[in-house]
Every structure is written in structure tokens, then in C-alpha cells.
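**Student:** The structure is given below, and queries will be raised subsequently.
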Amino acid sequence: MTATRPAAFNQLRVRHFRLLETLVDAGSLHKAAAALHMSQPAASAMLQEVERALGVALFTRTRKGVNPNLHGKLALGRLRTVLSELAMLSDELHSAEALPMLRIGMLQHTFYGLLQRLLPEFLARTNCRLDITDGSTELIKRLEQNELDCLIGRMPAAWMDSFKSRGFFYQPLYEFEICVLANRAHPLARKRKVGLQDLSRFPWILSRHGSNSRYVLMAAFATAGLEPPAIRIETSSFLFSLPLLNTGDYLTVAPRDPSLQQQALGLARILPIELPKLLTPVAFVAQRSAMTNPNILVLWESVQKTITAPFKRTNAPAPN
């Protein structure tokens, strides 16, 4: 095809962008046309208009339907940003307070430490609403699809180079530390030194397969040549494991910040054993284009100040 023609490009409308997005999800012109309540010939003509305006083919046609090619994937990533911004604009204009919205993805443990410390300054310096979503790898997918403005989370090591090359702002913040916890009356709670052999003698409450904390614990046992510990209860998150410690002589693992809070409240005891740091660091990630948003810049400044400010992450005193 020919190069992009400005006159043709200016004829494109939001409905053209909606068609591309729907085509990727539906996989065929027939299904996309039905979803958008238009005829298949009309959808085909619209697709041709987009490709003619951009000067490249965006989809590979097959008997089974259409699939985005490299150009299509690149275009859709940009166009989803446009559609997302338009949706956000509509929400902000029609909200009762008409305040801009900042959509942030967060790992669950940040609600116990980082987020609590940075929010006062951030909220004092901005006039926006926050939509905070917790999660893990799905946050990265939502960021790619422009459903989030930024995230504070972990990225698999294999994804890092790809994200940086695709125009994402990526900045490591701190190591992801995991602690072993027990209730205050647990037989191991008063020991000055605890080993993996000690931990193997007790039942465990752990998050299900795939959780970061469980992975670190199992890796520690495997590296030491020990059988994995006996798991009596499985939960969907460490948040649900922590309150169950007081139901018996159970052990669990959790990120350091919530562990410190549980200990400070007298609800659990961090056992004196260090687990390996096997995970990629917690990082601040956003599309580079989003880093021109004043509210995201203030958030990033608040995160930096919070990370560098003195804070005893590992030496909080245990309750008597």
C-alpha cells in the first residue's frame, strides 16, 4: 500500500477505531459487523478506508476470518489509547465532581506500606480521583490495553526488554521481600533462630499455586533438598491466610509490609528466617506518553520520595 495520506487520515472517525478493536476481539468481519450493528459490506468498506488512510494492511485475511498482522497490532495499541482517553473524558465530563480520574494498578502488599505512605502528599498536591485496582500479571495486560494509566507491580524478567523497547517507562523501586509468620503463641515464635527443618514440622496456610509468596517458599525448600511443607489450607491470597494463623499452630508467608503491620498489631510474629529473593523488583510502569500527564508525574514524584525516605522496613520491634 501507499504511505499515509493526511487527507484520507482526516476522514477517519471513532467508529473506524471501534471497528478495528472489535475485529481483533471477534476474529471475523461478519461477527464484528454484527457486534457493531452494521452490515458486513459496510464493515469491509470501513476497514478498507482505515488501511487506505494508514497506507498499510492491518489484517491477514484467511478462510476462518481475520488476524491482526504486525502493523495491525501496532496500530491497535495506539488506537486503544485514543479510545481509552475518550472514554475517560466522557466519564470525567459527566461525573458529579468533574474531576480527572487516575487509574492505578497495585500489588496487594502496597496497600499496607507504600500506598499508605505516599497518598497523603499525592492527594494534597493534586485534585483528581483515584481508581485503584489490585492484582498481578493481569495488571500488565490492562496497562498494555490502556485500561490503566500506570502500575506499581512486578514484571516477569522475560517481559522487561520487550516493554522498554515498546515505549514503556519502567523504573525498579525495591526488592520484593517475603516473611514467614506464625501466631504469637506458636512454638517457634520465641526462637532466636529458625531453619527450614523447623518449618517443615508444622502445617501451612498458603496462597494457591502461582502466588509469589508460595513460589519463594517452595523454592527455598527445593534448593535445600527438602520435601515441600504440608499444606493444610489454601487461599486465594495471603490476605486471607493471615487471619487464619490464630486457628492453630499454622505457618504462612506474606510480603514484608503487611507482615510488619500484623506483627505491630500483635496479630502475628515474623519468624527469624530469611527466604531467598528470587523475584524481580517491584517497579513503577507506565506508557511513556502517559508520563506527560501532570497527575502521573506527581504520583511518580511521590513514589520516589516515599521510596528514598527513611523507613524501617525490616527492623520493626516485635511486640512483647
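Naming scheme: A, B, ... for chains in displayed order of the C-alpha cells; residues 1 onward per chain; ligands 1 onward as shown.
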Need the shell around A:Arg184: protein/DNA/RNA residues with any atom at most 8 Å away, counting only C-alpha atoms. Skip same-chain ones fewer than 6 positions apart. Format as a ChimeraX atom specification?

**Tutor:** /A:266-269

**Student:** Which residues come within 8 Å of A:Thr280, counting only C-alpha atoms, excluding same-chain residues fewer than 6 positions away, as a compact mmCIF listing (two decimals) with N, CA and C atoms, in the first residue's frame?

**Tutor:**
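To be explicit, this is the file written out as result.txt:
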```txt
# COMPACT_ATOMS: atom_id res chain seq x y z
N ARG A 154 5.16 -6.04 39.81
CA ARG A 154 6.29 -6.82 39.34
C ARG A 154 6.06 -7.26 37.91
N MET A 155 7.12 -7.24 37.13
CA MET A 155 7.04 -7.70 35.75
C MET A 155 7.95 -8.90 35.58
N PRO A 156 7.45 -9.98 34.92
CA PRO A 156 8.33 -11.12 34.65
C PRO A 156 9.59 -10.67 33.93
N ALA A 157 10.73 -11.26 34.28
CA ALA A 157 12.01 -10.83 33.71
C ALA A 157 12.00 -10.90 32.19
N GLU A 175 13.16 -4.35 46.30
CA GLU A 175 13.09 -5.81 46.24
C GLU A 175 11.80 -6.30 46.91
N PHE A 176 11.29 -7.39 46.39
CA PHE A 176 10.07 -7.99 46.93
C PHE A 176 10.47 -9.00 48.00
```

**Student:** Taking the DSSP assignment computed from this structure's backbone, write out as a PyMOL selection string all residues of stretch 24-265 of chain A that belong to strand (DSSP E or B).

**Tutor:** chain A and resi 59-62+65-68+101-106+129-134+150-154+168-174+178-182+204-207+231-235+251-255

**Student:** Go ahead and write the selection's residues with C-alpha atoms as a PDB file, in the first residue's frame.

**Tutor:**
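As written to disk, result.pdb reads:
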```pdb
ATOM      1  CA  PHE A  59      -5.086  -7.682   8.987  1.00  0.00           C
ATOM      2  CA  THR A  60      -4.302 -11.004   7.391  1.00  0.00           C
ATOM      3  CA  ARG A  61      -7.395 -12.451   5.707  1.00  0.00           C
ATOM      4  CA  THR A  62      -7.987 -16.209   5.921  1.00  0.00           C
ATOM      5  CA  GLY A  65     -11.555 -14.810   9.494  1.00  0.00           C
ATOM      6  CA  VAL A  66      -9.039 -12.026  10.030  1.00  0.00           C
ATOM      7  CA  ASN A  67      -5.989 -11.728  12.273  1.00  0.00           C
ATOM      8  CA  PRO A  68      -4.029  -8.541  13.023  1.00  0.00           C
ATOM      9  CA  MET A 101      -9.535  10.150  37.076  1.00  0.00           C
ATOM     10  CA  LEU A 102      -6.191   8.421  37.595  1.00  0.00           C
ATOM     11  CA  ARG A 103      -6.310   4.646  37.163  1.00  0.00           C
ATOM     12  CA  ILE A 104      -3.560   2.875  39.112  1.00  0.00           C
ATOM     13  CA  GLY A 105      -2.753  -0.826  39.300  1.00  0.00           C
ATOM     14  CA  MET A 106      -1.190  -2.004  42.561  1.00  0.00           C
ATOM     15  CA  ARG A 129      -9.996  10.917  41.772  1.00  0.00           C
ATOM     16  CA  LEU A 130      -8.186   7.605  42.129  1.00  0.00           C
ATOM     17  CA  ASP A 131      -9.341   4.272  40.786  1.00  0.00           C
ATOM     18  CA  ILE A 132      -7.029   1.683  42.366  1.00  0.00           C
ATOM     19  CA  THR A 133      -7.037  -1.916  41.153  1.00  0.00           C
ATOM     20  CA  ASP A 134      -5.146  -4.758  42.809  1.00  0.00           C
ATOM     21  CA  CYS A 150       0.250   3.269  35.443  1.00  0.00           C
ATOM     22  CA  LEU A 151       1.028   0.432  37.796  1.00  0.00           C
ATOM     23  CA  ILE A 152       3.212  -0.402  40.745  1.00  0.00           C
ATOM     24  CA  GLY A 153       3.940  -4.078  40.425  1.00  0.00           C
ATOM     25  CA  ARG A 154       6.294  -6.816  39.340  1.00  0.00           C
ATOM     26  CA  PHE A 168       7.041   1.992  28.321  1.00  0.00           C
ATOM     27  CA  PHE A 169       8.540   3.840  31.259  1.00  0.00           C
ATOM     28  CA  TYR A 170       9.933   1.202  33.643  1.00  0.00           C
ATOM     29  CA  GLN A 171      11.715   2.040  36.896  1.00  0.00           C
ATOM     30  CA  PRO A 172      12.551  -0.536  39.621  1.00  0.00           C
ATOM     31  CA  LEU A 173      11.619   0.571  43.145  1.00  0.00           C
ATOM     32  CA  TYR A 174      12.553  -2.094  45.711  1.00  0.00           C
ATOM     33  CA  ILE A 178       8.815 -12.472  51.810  1.00  0.00           C
ATOM     34  CA  CYS A 179       8.458 -13.297  55.534  1.00  0.00           C
ATOM     35  CA  VAL A 180       7.402 -16.414  57.415  1.00  0.00           C
ATOM     36  CA  LEU A 181       4.702 -15.764  60.022  1.00  0.00           C
ATOM     37  CA  ALA A 182       3.124 -17.619  62.924  1.00  0.00           C
ATOM     38  CA  TRP A 204       0.872 -24.413  56.474  1.00  0.00           C
ATOM     39  CA  ILE A 205      -1.721 -21.991  55.186  1.00  0.00           C
ATOM     40  CA  LEU A 206      -0.646 -20.826  51.729  1.00  0.00           C
ATOM     41  CA  SER A 207      -1.960 -18.992  48.703  1.00  0.00           C
ATOM     42  CA  ILE A 231      -0.245 -27.512  53.223  1.00  0.00           C
ATOM     43  CA  ARG A 232      -3.441 -27.806  55.259  1.00  0.00           C
ATOM     44  CA  ILE A 233      -5.318 -24.763  53.951  1.00  0.00           C
ATOM     45  CA  GLU A 234      -5.099 -22.947  50.601  1.00  0.00           C
ATOM     46  CA  THR A 235      -6.465 -19.462  49.992  1.00  0.00           C
ATOM     47  CA  LEU A 251       2.610 -21.066  59.415  1.00  0.00           C
ATOM     48  CA  THR A 252       2.233 -18.846  56.376  1.00  0.00           C
ATOM     49  CA  VAL A 253       4.211 -16.444  54.221  1.00  0.00           C
ATOM     50  CA  ALA A 254       3.446 -12.869  53.206  1.00  0.00           C
ATOM     51  CA  PRO A 255       5.201  -9.777  51.808  1.00  0.00           C
TER      52      PRO A 255
END
```

**Student:** Please extract the residues of stretch 88-317 of chain A with a backbone DSSP assignment of helix (DSSP H, G or I) and present them as a ChimeraX atom specification.

**Tutor:** /A:88-94,108-111,114-125,137-144,157-165,196-199,212-223,238-247,256-264,288-292,294-308

**Student:** Check the smallest atom-to-atom distance from each of A:Leu79, A:Ala35, A:Phe17, A:His109 to A:Gln261 using only C-alpha atoms, then report the winner.

**Tutor:**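 For A:Gln261, the nearest of the given residues is A:His109.
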
**Student:** Mind pulling up the distance from atom CA of A:Arg288 to atom CA of A:His16?

**Tutor:**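 Computing the Euclidean distance for atom CA of A:His16 and atom CA of A:Arg288 yields 25.1 Å.
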
**Student:** Calculate how many Å separate atom CA of A:Pro276 from atom CA of A:Ala220, rounding to one decimal.

**Tutor:** 6.6 Å

**Student:** What's the 12 Å shell around A:Gln287, counting only C-alpha atoms, without same-chain residues fewer than 4 positions away, as a PyMOL selection string?

**Tutor:** chain A and resi 77-78+81+140+142-151+163-171+291-293+296

**Student:** Those same residues, written as an mmCIF file, in the first residue's frame with N, CA and C atoms?

**Tutor:**
```cif
data_model
loop_
_atom_site.group_PDB
_atom_site.id
_atom_site.type_symbol
_atom_site.label_atom_id
_atom_site.label_comp_id
_atom_site.auth_asym_id
_atom_site.auth_seq_id
_atom_site.Cartn_x
_atom_site.Cartn_y
_atom_site.Cartn_z
ATOM 1 N N GLY A 77 -2.592 -0.868 19.389
ATOM 2 C CA GLY A 77 -2.068 -0.389 20.662
ATOM 3 C C GLY A 77 -2.226 1.111 20.801
ATOM 4 N N ARG A 78 -1.938 1.851 19.724
ATOM 5 C CA ARG A 78 -2.087 3.308 19.752
ATOM 6 C C ARG A 78 -3.554 3.723 19.784
ATOM 7 N N THR A 81 -5.313 3.551 23.040
ATOM 8 C CA THR A 81 -5.018 4.705 23.892
ATOM 9 C C THR A 81 -6.008 5.829 23.616
ATOM 10 N N ILE A 140 -0.515 -5.953 34.111
ATOM 11 C CA ILE A 140 0.340 -5.636 32.974
ATOM 12 C C ILE A 140 -0.479 -5.666 31.685
ATOM 13 N N ARG A 142 -3.655 -5.124 31.422
ATOM 14 C CA ARG A 142 -4.562 -3.977 31.425
ATOM 15 C C ARG A 142 -3.821 -2.694 31.083
ATOM 16 N N LEU A 143 -2.557 -2.597 31.515
ATOM 17 C CA LEU A 143 -1.751 -1.440 31.151
ATOM 18 C C LEU A 143 -1.503 -1.422 29.642
ATOM 19 N N GLU A 144 -1.194 -2.589 29.071
ATOM 20 C CA GLU A 144 -0.979 -2.677 27.624
ATOM 21 C C GLU A 144 -2.225 -2.268 26.857
ATOM 22 N N GLN A 145 -3.391 -2.578 27.389
ATOM 23 C CA GLN A 145 -4.647 -2.276 26.713
ATOM 24 C C GLN A 145 -5.199 -0.913 27.098
ATOM 25 N N ASN A 146 -4.361 -0.112 27.793
ATOM 26 C CA ASN A 146 -4.720 1.253 28.182
ATOM 27 C C ASN A 146 -5.938 1.316 29.097
ATOM 28 N N GLU A 147 -6.128 0.259 29.897
ATOM 29 C CA GLU A 147 -7.178 0.272 30.898
ATOM 30 C C GLU A 147 -6.646 0.792 32.234
ATOM 31 N N LEU A 148 -5.324 0.976 32.318
ATOM 32 C CA LEU A 148 -4.675 1.575 33.478
ATOM 33 C C LEU A 148 -3.738 2.679 32.987
ATOM 34 N N ASP A 149 -3.563 3.709 33.816
ATOM 35 C CA ASP A 149 -2.625 4.780 33.466
ATOM 36 C C ASP A 149 -1.204 4.433 33.887
ATOM 37 N N CYS A 150 -1.069 3.694 34.969
ATOM 38 C CA CYS A 150 0.250 3.269 35.443
ATOM 39 C C CYS A 150 0.039 2.137 36.434
ATOM 40 N N LEU A 151 1.135 1.481 36.791
ATOM 41 C CA LEU A 151 1.028 0.432 37.796
ATOM 42 C C LEU A 151 2.284 0.384 38.648
ATOM 43 N N PHE A 163 9.002 -4.543 27.031
ATOM 44 C CA PHE A 163 8.268 -3.357 27.461
ATOM 45 C C PHE A 163 9.069 -2.085 27.203
ATOM 46 N N LYS A 164 10.353 -2.129 27.524
ATOM 47 C CA LYS A 164 11.187 -0.945 27.326
ATOM 48 C C LYS A 164 11.293 -0.584 25.854
ATOM 49 N N SER A 165 11.402 -1.577 24.998
ATOM 50 C CA SER A 165 11.536 -1.306 23.569
ATOM 51 C C SER A 165 10.237 -0.818 22.951
ATOM 52 N N ARG A 166 9.109 -1.096 23.617
ATOM 53 C CA ARG A 166 7.810 -0.673 23.085
ATOM 54 C C ARG A 166 7.351 0.657 23.668
ATOM 55 N N GLY A 167 8.265 1.388 24.267
ATOM 56 C CA GLY A 167 7.927 2.737 24.697
ATOM 57 C C GLY A 167 7.291 2.843 26.066
ATOM 58 N N PHE A 168 7.562 1.904 26.958
ATOM 59 C CA PHE A 168 7.041 1.992 28.321
ATOM 60 C C PHE A 168 8.106 2.566 29.250
ATOM 61 N N PHE A 169 7.670 3.346 30.197
ATOM 62 C CA PHE A 169 8.540 3.840 31.259
ATOM 63 C C PHE A 169 8.582 2.771 32.340
ATOM 64 N N TYR A 170 9.778 2.277 32.652
ATOM 65 C CA TYR A 170 9.933 1.202 33.643
ATOM 66 C C TYR A 170 11.043 1.599 34.602
ATOM 67 N N GLN A 171 10.713 1.670 35.902
ATOM 68 C CA GLN A 171 11.715 2.040 36.896
ATOM 69 C C GLN A 171 11.587 1.150 38.127
ATOM 70 N N MET A 291 3.472 9.722 30.768
ATOM 71 C CA MET A 291 4.328 10.466 31.683
ATOM 72 C C MET A 291 4.275 11.973 31.436
ATOM 73 N N THR A 292 3.465 12.407 30.472
ATOM 74 C CA THR A 292 3.199 13.841 30.285
ATOM 75 C C THR A 292 1.968 14.281 31.072
ATOM 76 N N ASN A 293 1.241 13.314 31.629
ATOM 77 C CA ASN A 293 0.070 13.619 32.454
ATOM 78 C C ASN A 293 0.546 14.202 33.784
ATOM 79 N N ILE A 296 0.134 11.932 36.860
ATOM 80 C CA ILE A 296 1.044 10.791 36.907
ATOM 81 C C ILE A 296 2.444 11.248 37.310
#
```
